[in-house]
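Here is the structure we will look at.
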Amino acid sequence: SELLAKAYEGQEGLSVPETYRLDAWVLGWLNVYDASWTAYDREIIQFTAFQEYMDGACRFMSDVPFIQRAWERNKIDFAKGFVQYIDENCNLP
């Protein structure tokens, strides 16, 4: 929680190990949304359920600069459809 509080104040003051820990937290969170994409893509969940997940992801990502930076650094590791959806629908800066 101390790391998140520090990151919300500004990522400039984070050490390299703190940045890696923060990225691990963000990537864990993003994996949940990537999994919802996969579930939707495989027709396990309906579009409305998927969209509920994505609406939350878009709100969080658009409001938090350190998540945006982690996304840009790591989005190559996620499903193409998920990346495309986020990049086209989330209005990230």
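Every chain in the structure tokens has a letter given in the order shown (A, B, ...), and although residue numbers restart at 1 in each chain, ligands are simply numbered from 1 in the order shown.
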Could you list, as a PyMOL selection string, every residue within 8 Å of range 67-73 of chain A, counting only C-alpha atoms and ignoring same-chain residues fewer than 6 positions away? chain A and resi 23+26-27+61+92
Next, dump the selected residues to file, keeping only all heavy atoms, as a PDB file, in the first residue's frame.
```
ATOM      1  N   ASP A  23       4.989  -2.386 -11.560  1.00  0.00           N
ATOM      2  CA  ASP A  23       4.617  -3.012 -12.835  1.00  0.00           C
ATOM      3  C   ASP A  23       4.027  -4.402 -12.603  1.00  0.00           C
ATOM      4  O   ASP A  23       3.053  -4.779 -13.262  1.00  0.00           O
ATOM      5  CB  ASP A  23       5.819  -3.105 -13.773  1.00  0.00           C
ATOM      6  CG  ASP A  23       5.998  -1.883 -14.644  1.00  0.00           C
ATOM      7  OD1 ASP A  23       5.264  -0.888 -14.466  1.00  0.00           O
ATOM      8  OD2 ASP A  23       6.872  -1.920 -15.524  1.00  0.00           O
ATOM      9  N   VAL A  26       0.473  -3.912 -11.533  1.00  0.00           N
ATOM     10  CA  VAL A  26      -0.353  -3.475 -12.664  1.00  0.00           C
ATOM     11  C   VAL A  26      -0.586  -4.641 -13.619  1.00  0.00           C
ATOM     12  O   VAL A  26      -1.709  -4.866 -14.075  1.00  0.00           O
ATOM     13  CB  VAL A  26       0.301  -2.280 -13.406  1.00  0.00           C
ATOM     14  CG1 VAL A  26      -0.430  -1.979 -14.707  1.00  0.00           C
ATOM     15  CG2 VAL A  26       0.347  -1.049 -12.519  1.00  0.00           C
ATOM     16  N   LEU A  27       0.454  -5.398 -13.928  1.00  0.00           N
ATOM     17  CA  LEU A  27       0.316  -6.521 -14.862  1.00  0.00           C
ATOM     18  C   LEU A  27      -0.609  -7.598 -14.308  1.00  0.00           C
ATOM     19  O   LEU A  27      -1.393  -8.195 -15.058  1.00  0.00           O
ATOM     20  CB  LEU A  27       1.680  -7.097 -15.210  1.00  0.00           C
ATOM     21  CG  LEU A  27       2.585  -6.153 -16.007  1.00  0.00           C
ATOM     22  CD1 LEU A  27       3.961  -6.768 -16.192  1.00  0.00           C
ATOM     23  CD2 LEU A  27       1.972  -5.787 -17.335  1.00  0.00           C
ATOM     24  N   MET A  61      -7.563   2.855 -16.171  1.00  0.00           N
ATOM     25  CA  MET A  61      -6.379   3.155 -16.981  1.00  0.00           C
ATOM     26  C   MET A  61      -6.336   4.620 -17.392  1.00  0.00           C
ATOM     27  O   MET A  61      -5.271   5.223 -17.423  1.00  0.00           O
ATOM     28  CB  MET A  61      -6.345   2.269 -18.220  1.00  0.00           C
ATOM     29  CG  MET A  61      -6.084   0.816 -17.893  1.00  0.00           C
ATOM     30  SD  MET A  61      -6.163  -0.239 -19.340  1.00  0.00           S
ATOM     31  CE  MET A  61      -4.559   0.085 -20.058  1.00  0.00           C
ATOM     32  N   LEU A  92      -7.053   6.591 -23.988  1.00  0.00           N
ATOM     33  CA  LEU A  92      -5.872   6.857 -23.156  1.00  0.00           C
ATOM     34  C   LEU A  92      -5.103   8.033 -23.726  1.00  0.00           C
ATOM     35  O   LEU A  92      -5.036   8.198 -24.953  1.00  0.00           O
ATOM     36  CB  LEU A  92      -4.984   5.623 -23.098  1.00  0.00           C
ATOM     37  CG  LEU A  92      -5.631   4.355 -22.509  1.00  0.00           C
ATOM     38  CD1 LEU A  92      -4.657   3.209 -22.569  1.00  0.00           C
ATOM     39  CD2 LEU A  92      -6.105   4.604 -21.110  1.00  0.00           C
TER      40      LEU A  92
END
```
Non-local contacts of range 34-41 of chain A (9 Å; only C-alpha atoms; under 2 positions in same chain excluded) as a PDB file with all heavy atoms, in the first residue's frame:
```pdb
ATOM      1  N   LEU A  30      -4.008  -6.209 -14.930  1.00  0.00           N
ATOM      2  CA  LEU A  30      -4.347  -6.250 -16.350  1.00  0.00           C
ATOM      3  C   LEU A  30      -4.587  -7.677 -16.846  1.00  0.00           C
ATOM      4  O   LEU A  30      -5.369  -7.889 -17.775  1.00  0.00           O
ATOM      5  CB  LEU A  30      -3.251  -5.585 -17.185  1.00  0.00           C
ATOM      6  CG  LEU A  30      -3.158  -4.067 -17.050  1.00  0.00           C
ATOM      7  CD1 LEU A  30      -1.928  -3.543 -17.777  1.00  0.00           C
ATOM      8  CD2 LEU A  30      -4.417  -3.390 -17.569  1.00  0.00           C
ATOM      9  N   ASN A  31      -3.938  -8.648 -16.231  1.00  0.00           N
ATOM     10  CA  ASN A  31      -4.165 -10.047 -16.617  1.00  0.00           C
ATOM     11  C   ASN A  31      -5.617 -10.468 -16.402  1.00  0.00           C
ATOM     12  O   ASN A  31      -6.146 -11.286 -17.156  1.00  0.00           O
ATOM     13  CB  ASN A  31      -3.226 -10.983 -15.849  1.00  0.00           C
ATOM     14  CG  ASN A  31      -1.866 -11.048 -16.470  1.00  0.00           C
ATOM     15  OD1 ASN A  31      -1.716 -10.961 -17.682  1.00  0.00           O
ATOM     16  ND2 ASN A  31      -0.850 -11.193 -15.638  1.00  0.00           N
ATOM     17  N   VAL A  32      -6.259  -9.913 -15.384  1.00  0.00           N
ATOM     18  CA  VAL A  32      -7.673 -10.212 -15.149  1.00  0.00           C
ATOM     19  C   VAL A  32      -8.499  -9.753 -16.346  1.00  0.00           C
ATOM     20  O   VAL A  32      -9.376 -10.475 -16.834  1.00  0.00           O
ATOM     21  CB  VAL A  32      -8.166  -9.531 -13.851  1.00  0.00           C
ATOM     22  CG1 VAL A  32      -9.677  -9.649 -13.713  1.00  0.00           C
ATOM     23  CG2 VAL A  32      -7.448 -10.106 -12.652  1.00  0.00           C
ATOM     24  N   GLU A  43     -16.106 -17.221 -26.567  1.00  0.00           N
ATOM     25  CA  GLU A  43     -17.557 -17.302 -26.380  1.00  0.00           C
ATOM     26  C   GLU A  43     -17.949 -17.981 -25.072  1.00  0.00           C
ATOM     27  O   GLU A  43     -18.993 -18.629 -24.975  1.00  0.00           O
ATOM     28  CB  GLU A  43     -18.216 -17.973 -27.581  1.00  0.00           C
ATOM     29  CG  GLU A  43     -17.969 -17.209 -28.872  1.00  0.00           C
ATOM     30  CD  GLU A  43     -18.606 -17.852 -30.092  1.00  0.00           C
ATOM     31  OE1 GLU A  43     -19.190 -18.951 -29.994  1.00  0.00           O
ATOM     32  OE2 GLU A  43     -18.519 -17.225 -31.166  1.00  0.00           O
ATOM     33  N   ILE A  44     -17.133 -17.788 -24.042  1.00  0.00           N
ATOM     34  CA  ILE A  44     -17.447 -18.308 -22.711  1.00  0.00           C
ATOM     35  C   ILE A  44     -18.324 -17.311 -21.966  1.00  0.00           C
ATOM     36  O   ILE A  44     -19.200 -17.707 -21.201  1.00  0.00           O
ATOM     37  CB  ILE A  44     -16.147 -18.607 -21.933  1.00  0.00           C
ATOM     38  CG1 ILE A  44     -15.375 -19.717 -22.656  1.00  0.00           C
ATOM     39  CG2 ILE A  44     -16.439 -18.974 -20.490  1.00  0.00           C
ATOM     40  CD1 ILE A  44     -13.955 -19.919 -22.160  1.00  0.00           C
ATOM     41  N   ILE A  45     -18.083 -16.031 -22.174  1.00  0.00           N
ATOM     42  CA  ILE A  45     -18.937 -14.994 -21.596  1.00  0.00           C
ATOM     43  C   ILE A  45     -19.517 -14.151 -22.730  1.00  0.00           C
ATOM     44  O   ILE A  45     -18.946 -14.083 -23.816  1.00  0.00           O
ATOM     45  CB  ILE A  45     -18.186 -14.088 -20.580  1.00  0.00           C
ATOM     46  CG1 ILE A  45     -17.042 -13.314 -21.255  1.00  0.00           C
ATOM     47  CG2 ILE A  45     -17.693 -14.908 -19.397  1.00  0.00           C
ATOM     48  CD1 ILE A  45     -16.374 -12.276 -20.356  1.00  0.00           C
ATOM     49  N   GLN A  46     -20.635 -13.530 -22.451  1.00  0.00           N
ATOM     50  CA  GLN A  46     -21.286 -12.682 -23.449  1.00  0.00           C
ATOM     51  C   GLN A  46     -20.620 -11.307 -23.489  1.00  0.00           C
ATOM     52  O   GLN A  46     -19.910 -10.900 -22.572  1.00  0.00           O
ATOM     53  CB  GLN A  46     -22.765 -12.523 -23.120  1.00  0.00           C
ATOM     54  CG  GLN A  46     -23.527 -13.812 -23.232  1.00  0.00           C
ATOM     55  CD  GLN A  46     -24.994 -13.620 -22.890  1.00  0.00           C
ATOM     56  OE1 GLN A  46     -25.393 -12.612 -22.340  1.00  0.00           O
ATOM     57  NE2 GLN A  46     -25.798 -14.607 -23.237  1.00  0.00           N
ATOM     58  N   PHE A  47     -20.887 -10.587 -24.572  1.00  0.00           N
ATOM     59  CA  PHE A  47     -20.297  -9.267 -24.767  1.00  0.00           C
ATOM     60  C   PHE A  47     -20.639  -8.320 -23.620  1.00  0.00           C
ATOM     61  O   PHE A  47     -19.791  -7.549 -23.191  1.00  0.00           O
ATOM     62  CB  PHE A  47     -20.721  -8.653 -26.096  1.00  0.00           C
ATOM     63  CG  PHE A  47     -20.090  -7.316 -26.344  1.00  0.00           C
ATOM     64  CD1 PHE A  47     -18.750  -7.220 -26.674  1.00  0.00           C
ATOM     65  CD2 PHE A  47     -20.834  -6.152 -26.209  1.00  0.00           C
ATOM     66  CE1 PHE A  47     -18.150  -5.988 -26.883  1.00  0.00           C
ATOM     67  CE2 PHE A  47     -20.242  -4.916 -26.416  1.00  0.00           C
ATOM     68  CZ  PHE A  47     -18.906  -4.831 -26.755  1.00  0.00           C
ATOM     69  N   ALA A  49     -21.082  -8.914 -20.438  1.00  0.00           N
ATOM     70  CA  ALA A  49     -20.207  -9.189 -19.288  1.00  0.00           C
ATOM     71  C   ALA A  49     -18.789  -8.706 -19.575  1.00  0.00           C
ATOM     72  O   ALA A  49     -18.148  -8.075 -18.725  1.00  0.00           O
ATOM     73  CB  ALA A  49     -20.207 -10.679 -18.966  1.00  0.00           C
ATOM     74  N   PHE A  50     -18.318  -8.993 -20.761  1.00  0.00           N
ATOM     75  CA  PHE A  50     -16.992  -8.527 -21.163  1.00  0.00           C
ATOM     76  C   PHE A  50     -16.913  -7.013 -21.099  1.00  0.00           C
ATOM     77  O   PHE A  50     -15.953  -6.439 -20.574  1.00  0.00           O
ATOM     78  CB  PHE A  50     -16.670  -9.020 -22.573  1.00  0.00           C
ATOM     79  CG  PHE A  50     -15.506  -8.333 -23.208  1.00  0.00           C
ATOM     80  CD1 PHE A  50     -14.218  -8.592 -22.777  1.00  0.00           C
ATOM     81  CD2 PHE A  50     -15.696  -7.412 -24.227  1.00  0.00           C
ATOM     82  CE1 PHE A  50     -13.133  -7.952 -23.353  1.00  0.00           C
ATOM     83  CE2 PHE A  50     -14.621  -6.774 -24.812  1.00  0.00           C
ATOM     84  CZ  PHE A  50     -13.333  -7.039 -24.373  1.00  0.00           C
ATOM     85  N   TYR A  53     -16.374  -5.544 -17.653  1.00  0.00           N
ATOM     86  CA  TYR A  53     -14.967  -5.613 -17.261  1.00  0.00           C
ATOM     87  C   TYR A  53     -14.170  -4.486 -17.924  1.00  0.00           C
ATOM     88  O   TYR A  53     -13.392  -3.790 -17.289  1.00  0.00           O
ATOM     89  CB  TYR A  53     -14.339  -6.951 -17.672  1.00  0.00           C
ATOM     90  CG  TYR A  53     -14.613  -8.100 -16.758  1.00  0.00           C
ATOM     91  CD1 TYR A  53     -15.554  -9.067 -17.099  1.00  0.00           C
ATOM     92  CD2 TYR A  53     -13.918  -8.250 -15.569  1.00  0.00           C
ATOM     93  CE1 TYR A  53     -15.801 -10.146 -16.271  1.00  0.00           C
ATOM     94  CE2 TYR A  53     -14.159  -9.322 -14.736  1.00  0.00           C
ATOM     95  CZ  TYR A  53     -15.097 -10.266 -15.094  1.00  0.00           C
ATOM     96  OH  TYR A  53     -15.339 -11.330 -14.273  1.00  0.00           O
ATOM     97  N   MET A  54     -14.375  -4.323 -19.206  1.00  0.00           N
ATOM     98  CA  MET A  54     -13.600  -3.341 -19.957  1.00  0.00           C
ATOM     99  C   MET A  54     -13.926  -1.904 -19.566  1.00  0.00           C
ATOM    100  O   MET A  54     -13.044  -1.051 -19.541  1.00  0.00           O
ATOM    101  CB  MET A  54     -13.808  -3.521 -21.462  1.00  0.00           C
ATOM    102  CG  MET A  54     -13.237  -4.814 -22.000  1.00  0.00           C
ATOM    103  SD  MET A  54     -11.463  -5.022 -21.707  1.00  0.00           S
ATOM    104  CE  MET A  54     -11.497  -6.209 -20.380  1.00  0.00           C
ATOM    105  N   PHE A  78       0.212  -9.031 -24.192  1.00  0.00           N
ATOM    106  CA  PHE A  78      -1.192  -9.388 -24.036  1.00  0.00           C
ATOM    107  C   PHE A  78      -1.794  -9.814 -25.372  1.00  0.00           C
ATOM    108  O   PHE A  78      -1.223  -9.581 -26.428  1.00  0.00           O
ATOM    109  CB  PHE A  78      -1.974  -8.212 -23.440  1.00  0.00           C
ATOM    110  CG  PHE A  78      -1.590  -7.925 -22.022  1.00  0.00           C
ATOM    111  CD1 PHE A  78      -0.649  -6.958 -21.722  1.00  0.00           C
ATOM    112  CD2 PHE A  78      -2.164  -8.628 -20.976  1.00  0.00           C
ATOM    113  CE1 PHE A  78      -0.284  -6.698 -20.419  1.00  0.00           C
ATOM    114  CE2 PHE A  78      -1.808  -8.375 -19.665  1.00  0.00           C
ATOM    115  CZ  PHE A  78      -0.860  -7.408 -19.383  1.00  0.00           C
ATOM    116  N   ALA A  79      -2.986 -10.419 -25.301  1.00  0.00           N
ATOM    117  CA  ALA A  79      -3.681 -10.871 -26.506  1.00  0.00           C
ATOM    118  C   ALA A  79      -3.920  -9.690 -27.449  1.00  0.00           C
ATOM    119  O   ALA A  79      -4.273  -8.601 -27.013  1.00  0.00           O
ATOM    120  CB  ALA A  79      -5.007 -11.520 -26.125  1.00  0.00           C
ATOM    121  N   GLY A  81      -6.283  -9.013 -29.545  1.00  0.00           N
ATOM    122  CA  GLY A  81      -7.636  -8.468 -29.487  1.00  0.00           C
ATOM    123  C   GLY A  81      -7.851  -7.595 -28.273  1.00  0.00           C
ATOM    124  O   GLY A  81      -8.522  -6.562 -28.344  1.00  0.00           O
ATOM    125  N   PHE A  82      -7.287  -7.993 -27.152  1.00  0.00           N
ATOM    126  CA  PHE A  82      -7.379  -7.206 -25.925  1.00  0.00           C
ATOM    127  C   PHE A  82      -6.664  -5.869 -26.103  1.00  0.00           C
ATOM    128  O   PHE A  82      -7.213  -4.812 -25.788  1.00  0.00           O
ATOM    129  CB  PHE A  82      -6.780  -7.996 -24.763  1.00  0.00           C
ATOM    130  CG  PHE A  82      -6.690  -7.235 -23.471  1.00  0.00           C
ATOM    131  CD1 PHE A  82      -7.837  -6.789 -22.830  1.00  0.00           C
ATOM    132  CD2 PHE A  82      -5.457  -6.972 -22.896  1.00  0.00           C
ATOM    133  CE1 PHE A  82      -7.754  -6.104 -21.629  1.00  0.00           C
ATOM    134  CE2 PHE A  82      -5.362  -6.289 -21.699  1.00  0.00           C
ATOM    135  CZ  PHE A  82      -6.510  -5.850 -21.053  1.00  0.00           C
ATOM    136  N   VAL A  83      -5.463  -5.903 -26.627  1.00  0.00           N
ATOM    137  CA  VAL A  83      -4.692  -4.675 -26.859  1.00  0.00           C
ATOM    138  C   VAL A  83      -5.450  -3.750 -27.806  1.00  0.00           C
ATOM    139  O   VAL A  83      -5.578  -2.548 -27.554  1.00  0.00           O
ATOM    140  CB  VAL A  83      -3.286  -4.991 -27.413  1.00  0.00           C
ATOM    141  CG1 VAL A  83      -2.555  -3.728 -27.840  1.00  0.00           C
ATOM    142  CG2 VAL A  83      -2.471  -5.766 -26.371  1.00  0.00           C
ATOM    143  N   TYR A  85      -8.660  -3.651 -28.383  1.00  0.00           N
ATOM    144  CA  TYR A  85      -9.846  -3.117 -27.720  1.00  0.00           C
ATOM    145  C   TYR A  85      -9.479  -1.952 -26.803  1.00  0.00           C
ATOM    146  O   TYR A  85     -10.105  -0.900 -26.844  1.00  0.00           O
ATOM    147  CB  TYR A  85     -10.570  -4.207 -26.921  1.00  0.00           C
ATOM    148  CG  TYR A  85     -11.863  -3.705 -26.339  1.00  0.00           C
ATOM    149  CD1 TYR A  85     -13.051  -3.836 -27.037  1.00  0.00           C
ATOM    150  CD2 TYR A  85     -11.889  -3.049 -25.110  1.00  0.00           C
ATOM    151  CE1 TYR A  85     -14.244  -3.346 -26.519  1.00  0.00           C
ATOM    152  CE2 TYR A  85     -13.071  -2.556 -24.580  1.00  0.00           C
ATOM    153  CZ  TYR A  85     -14.236  -2.701 -25.295  1.00  0.00           C
ATOM    154  OH  TYR A  85     -15.411  -2.195 -24.782  1.00  0.00           O
TER     155      TYR A  85
END
```
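Summary of the local environment: counting only C-alpha atoms, residues at most 10 Å from Thr19 in chain A, other than itself and those fewer than 6 positions away along its chain, are Leu3, Ala7, Gln11, Glu12, Gly13, Trp25, Phe66 and Ala70 of chain A.
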Pick out each residue of chain A that DSSP on the backbone tags as alpha helix (DSSP H); I need them as an MDAnalysis selection string. chainID A and resid 2:9 16:41 47:63 65:74 80:89
One number please: CA of Leu4 in chain A to CA of Pro93 in chain A, in Å, one decimal. 20.8 Å
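Shortest atom-to-atom contact with Phe60 in chain A among A:Trp29, A:Tyr20, A:Leu14, A:Ala5: A:Trp29, counting only C-alpha atoms.
Nearest residue to Gly56 in chain A, choosing from A:Gly28, A:Glu9, A:Ser15, A:Tyr33 and counting only C-alpha atoms: A:Tyr33.
When CA of Asn89 in chain A is paired with CA of Glu52 in chain A, their separation reads 12.9 Å.
Nearest to Gly10 in chain A of all the residues A:Ala57, A:Arg42, A:Ala24, A:Val64 is A:Val64, based on only C-alpha atoms.
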